[in-house]
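Beneath this line is the structure, given in structure tokens, with notes to follow.
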2 protein chains.
Amino acid sequence: MKVLVTGAAGMLGRKFCQELAARGEIAGRKVESLTMVDIVASPPILESPFAVRSVACDLGAPGVGEQLVADHPEIILHTAAVVSGEAEADFDKGYRINVDGTRYLFEAIREANHRPRVIFTSSIAVFGAPFPEIIGDEFFSTPLTSYGTQKAIGELLLADFTRKGFFDGIGIRLPTICVRPGKPNRAASSFFSGIIREPLNGQEAILPVPDTVRHWFASPRSAVRFFFRAAEIDGARVGDRRNLSMPGLSATIGEMIQSLERCAGLERVKLIRREPDPTIMRIVDGWARNLDASRARALGFEAETNFDEIIRAHIEDEGIKL
Amino acid sequence: MKVLVTGAAGMLGRKFCQELAARGEIAGRKVESLTMVDIVASPPILESPFAVRSVACDLGAPGVGEQLVADHPEIILHTAAVVSGEAEADFDKGYRINVDGTRYLFEAIREANHRPRVIFTSSIAVFGAPFPEIIGDEFFSTPLTSYGTQKAIGELLLADFTRKGFFDGIGIRLPTICVRPGKPNRAASSFFSGIIREPLNGQEAILPVPDTVRHWFASPRSAVRFFFRAAEIDGARVGDRRNLSMPGLSATIGEMIQSLERCAGLERVKLIRREPDPTIMRIVDGWARNLDASRARALGFEAETNFDEIIRAHIEDEGIKL
């Protein structure tokens, strides 16, 4: 099995590539080679039972996709994207990478004519407020960001290219990934990971919203499992509706903090400093709080069922000493 | 008021331009000029109180949009599209005109920076079976044709460009337009108009589906009224969700035929010949039967409430002598 991963330098792409090297197989078959693609060089995979190639290129440039799929990879995981905040700040760049880049890649796969499994990472940003307390599998996409719009367009392209038989696509709408390892970033959602990650590292974290705020989460470990499940699933079982809201965990900030206390003690919780920020609160108000991911669950996708699991996965995966 | 119409040689574009010439105003303001755009020359408007220009050009070519909006038209009606059957048969052409052409036009309007009202004609083809008996305003778009996919992408672009303040867009999802004047075409939906139009002209019509088939209709006259309403409506009342399912009439073939008998007599009905066609039946099975167009109705969009009105509008508009 040849595997191609775009966005391989990103957090989820990297974790997937590492897990692929550890497993040595995907969808029940041995991996022969992995091509890691990103705008920068992807971090090396230190121990791998298969050949690994890293390609730094711009997916928004015509002709690049053709080269990437020239060896006919059977599994293509397309995670590359300009992220939410940047796509909102730079309208043209967001469309160039997230829409044109995705379409160029899909066209190149169509041209190669080997009909691989294509896994496209979409986002709950395809939903825009107001929505019901629980967003069902048939709720419409009215994104309130350019990023969400671009992901919704990617979903439509994926379904149409699949329907036409050009490839076999599965779109997976990821929950907010928490706990993200690494440093805080400037995304409005950064604090969701920050209030867990920083205290676990003995550092102070700012909480800009009230404890009652509810949101939809899965761990990086679950996201990587979604990718493996999406690679092995029988396309015929999915039918024409190729885009699936992934399972996740609906939790309030209050519940997250209680989990932190259970997993790491009250002293860590005290490192969370409440600094209400009306701007962030307004943004977060437009985000999904809970989803009914029945279709994905029926297809064997699974996520954490309580926040303690999410925190323990982070402690374990990042080797944190408490 | 300067008005630009794409797809002006098409049936609805042409009817809109004629009605505009008859009214001489739109959205409460006098029309100064009309630019009619299509891939071929648009049919001339014989009597018009304002200047009329016809431009034959390819909207799928870069740079064309800039020229069309150079005089800053305040109302832009974008109906140009490769139709359903052709978009399915020619994948590349459909995407080139319906996606790239729409995006080029939207980008040109953004560049011109005069923030006009942009009316985009979408379609119930954005919905794909299975759906509920009545499709609500929040039902998701999972099109089963490339045409439907391309219209759904146009809707997303329209909403995002509007949200960013580049223009003030209203997307209107048209029901199946019936009775279409002119000759039968090769669209699978052609018989819906044919079984009314041909008998009214004293000609035989083929009915390939059972009398129980239910579908969603509005007259060409209603479609033109939708365009005028979309031109005058207050954008602030529409909110962020810029795409609206237009009102229509849900009717069965049986009800349509009863209407024909009431409007034109039993002899005409006898001209309908039943010739079941499993292929057409299978296609029609995937089409929406009924919609809840509450949002559009609340915003003042109106359509026929019984099929007799649709037939009488056709008899009147086409000057048919019974």
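The way I read the labels, and the way they are meant: chains A, B, ... in the order of the structure tokens, residue 1 as the first residue of every chain, and ligand 1 as the first ligand shown, with later ones counted on from there.
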Please, which residues in chain A fall within 7 Å of chain B when counting only C-alpha atoms, and what is the closest atom pair and distance in Å to one decimal for each, ordered by chain then residue number, as CSV?
```
residue,atom,partner,partner_atom,distance
A:Glu138,CA,B:Phe140,CA,5.4
A:Phe139,CA,B:Phe140,CA,5.3
A:Phe140,CA,B:Phe140,CA,3.8
A:Ser141,CA,B:Phe140,CA,6.6
A:Thr142,CA,B:Arg241,CA,6.5
A:Ser146,CA,B:Asp160,CA,6.2
A:Thr149,CA,B:Leu156,CA,6.1
A:Ile153,CA,B:Ile153,CA,5.8
A:Leu156,CA,B:Thr149,CA,6.1
A:Asp160,CA,B:Ser146,CA,6.2
A:Arg241,CA,B:Thr142,CA,6.5
```
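Residues lying within 8 Å of range 53-59 of chain A, counting only C-alpha atoms and ignoring same-chain neighbours fewer than 3 positions away, are Ser33, Leu34, Thr35, Met36, Val37, Asp38, Ile39, Val40, Ala41, Ser42, Pro44, Pro62, Val64, Gly65, Ile97, Gly101, Thr102, Tyr104 and Leu105 of chain A.
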Worksheet item: What does the distance from CA of Arg180 in chain B to CA of Ile310 in chain B come to in Å, to one decimal?
Response: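 Atom-to-atom, CA of Arg180 in chain B to CA of Ile310 in chain B, that is 10.5 Å.
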Discussion item. Among range 37-157 of chain A, which residues does DSSP mark as strand (DSSP E or B) when it is run on the backbone? Keep the chain and numbering as in the structure and answer as a ChimeraX atom specification.
Written reply: /A:37-38,51-56,75-78,117-123,135,139
Using the selection just defined, write its residues with N, CA and C atoms as a short mmCIF file (atom, residue, chain, number, x, y, z; two decimals), in the first residue's frame.
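Resulting contents of again.cif:
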```
data_model
loop_
_atom_site.label_atom_id
_atom_site.label_comp_id
_atom_site.auth_asym_id
_atom_site.auth_seq_id
_atom_site.Cartn_x
_atom_site.Cartn_y
_atom_site.Cartn_z
N VAL A 37 3.65 15.41 2.40
CA VAL A 37 3.62 16.64 1.63
C VAL A 37 3.21 17.80 2.53
N ASP A 38 3.90 18.90 2.40
CA ASP A 38 3.47 20.13 3.09
C ASP A 38 4.18 21.29 2.41
N ALA A 51 9.55 2.89 3.07
CA ALA A 51 10.24 4.07 2.53
C ALA A 51 9.42 5.33 2.80
N VAL A 52 10.08 6.39 3.22
CA VAL A 52 9.40 7.66 3.49
C VAL A 52 10.04 8.76 2.66
N ARG A 53 9.18 9.54 2.01
CA ARG A 53 9.66 10.63 1.16
C ARG A 53 8.96 11.89 1.66
N SER A 54 9.68 12.99 1.76
CA SER A 54 9.07 14.26 2.15
C SER A 54 9.15 15.23 0.97
N VAL A 55 8.03 15.83 0.63
CA VAL A 55 7.98 16.78 -0.48
C VAL A 55 7.47 18.12 0.04
N ALA A 56 8.25 19.17 -0.16
CA ALA A 56 7.78 20.52 0.20
C ALA A 56 7.28 21.18 -1.08
N ILE A 75 -3.95 5.15 -0.77
CA ILE A 75 -4.61 5.92 0.30
C ILE A 75 -4.05 7.35 0.25
N ILE A 76 -4.94 8.31 0.16
CA ILE A 76 -4.52 9.72 0.17
C ILE A 76 -5.26 10.41 1.30
N LEU A 77 -4.49 10.93 2.25
CA LEU A 77 -5.08 11.68 3.36
C LEU A 77 -4.78 13.16 3.11
N HIS A 78 -5.85 13.92 2.85
CA HIS A 78 -5.67 15.34 2.50
C HIS A 78 -6.06 16.22 3.69
N ARG A 117 -8.65 5.51 -2.26
CA ARG A 117 -9.42 6.06 -1.14
C ARG A 117 -8.84 7.43 -0.82
N VAL A 118 -9.69 8.45 -0.84
CA VAL A 118 -9.27 9.82 -0.49
C VAL A 118 -9.97 10.22 0.79
N ILE A 119 -9.19 10.56 1.81
CA ILE A 119 -9.76 10.99 3.08
C ILE A 119 -9.54 12.50 3.20
N PHE A 120 -10.64 13.23 3.33
CA PHE A 120 -10.58 14.69 3.37
C PHE A 120 -10.97 15.15 4.77
N THR A 121 -10.12 15.95 5.40
CA THR A 121 -10.48 16.44 6.73
C THR A 121 -11.29 17.72 6.61
N SER A 122 -12.55 17.61 6.99
CA SER A 122 -13.39 18.78 7.06
C SER A 122 -13.51 19.19 8.53
N SER A 123 -14.47 20.03 8.83
CA SER A 123 -14.49 20.66 10.15
C SER A 123 -15.91 21.00 10.55
N ILE A 135 -26.61 19.19 16.80
CA ILE A 135 -26.64 19.28 15.33
C ILE A 135 -26.72 17.87 14.75
N PHE A 139 -28.32 18.33 9.15
CA PHE A 139 -28.40 19.78 9.31
C PHE A 139 -27.55 20.47 8.23
#
```
Item to complete: Would you kindly return, as an MDAnalysis selection string, each protein, DNA or RNA residue with an atom no farther than 7 Å from any atom of range 20-30 of chain A, considering only C-alpha atoms and excluding same-chain residues fewer than 4 positions away?
Response: chainID A and resid 1 16 47:49 228 231:232
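Remark: for Thr305 in chain B, the closest of the candidate residues B:Leu249, B:Val269, B:Ala81, B:Ala87 is B:Leu249 (distances computed over only C-alpha atoms).
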Worksheet entry | Two-atom distance - CA of Val83 in chain A, CA of Cys17 in chain A (Å) |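 Spanning CA of Val83 in chain A to CA of Cys17 in chain A is a straight-line distance of 20.0 Å.
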Item to complete: In Å, rounded to a single decimal, give me how far CA of Glu255 in chain B is from CA of Arg273 in chain B.
Response: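 For CA of Arg273 in chain B relative to CA of Glu255 in chain B, the distance reads 16.1 Å.
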Practice prompt. Extract the full set of alpha helix (DSSP H) residues from range 132-215 of chain A according to DSSP on the backbone, and format it as number ranges by chain.
Written response: A: 146-163, 190-200
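Proximity ranking of B:Glu267, B:Glu275, B:Glu19, B:Glu261 relative to Asp308 in chain B places B:Glu261 first, based on only C-alpha atoms.
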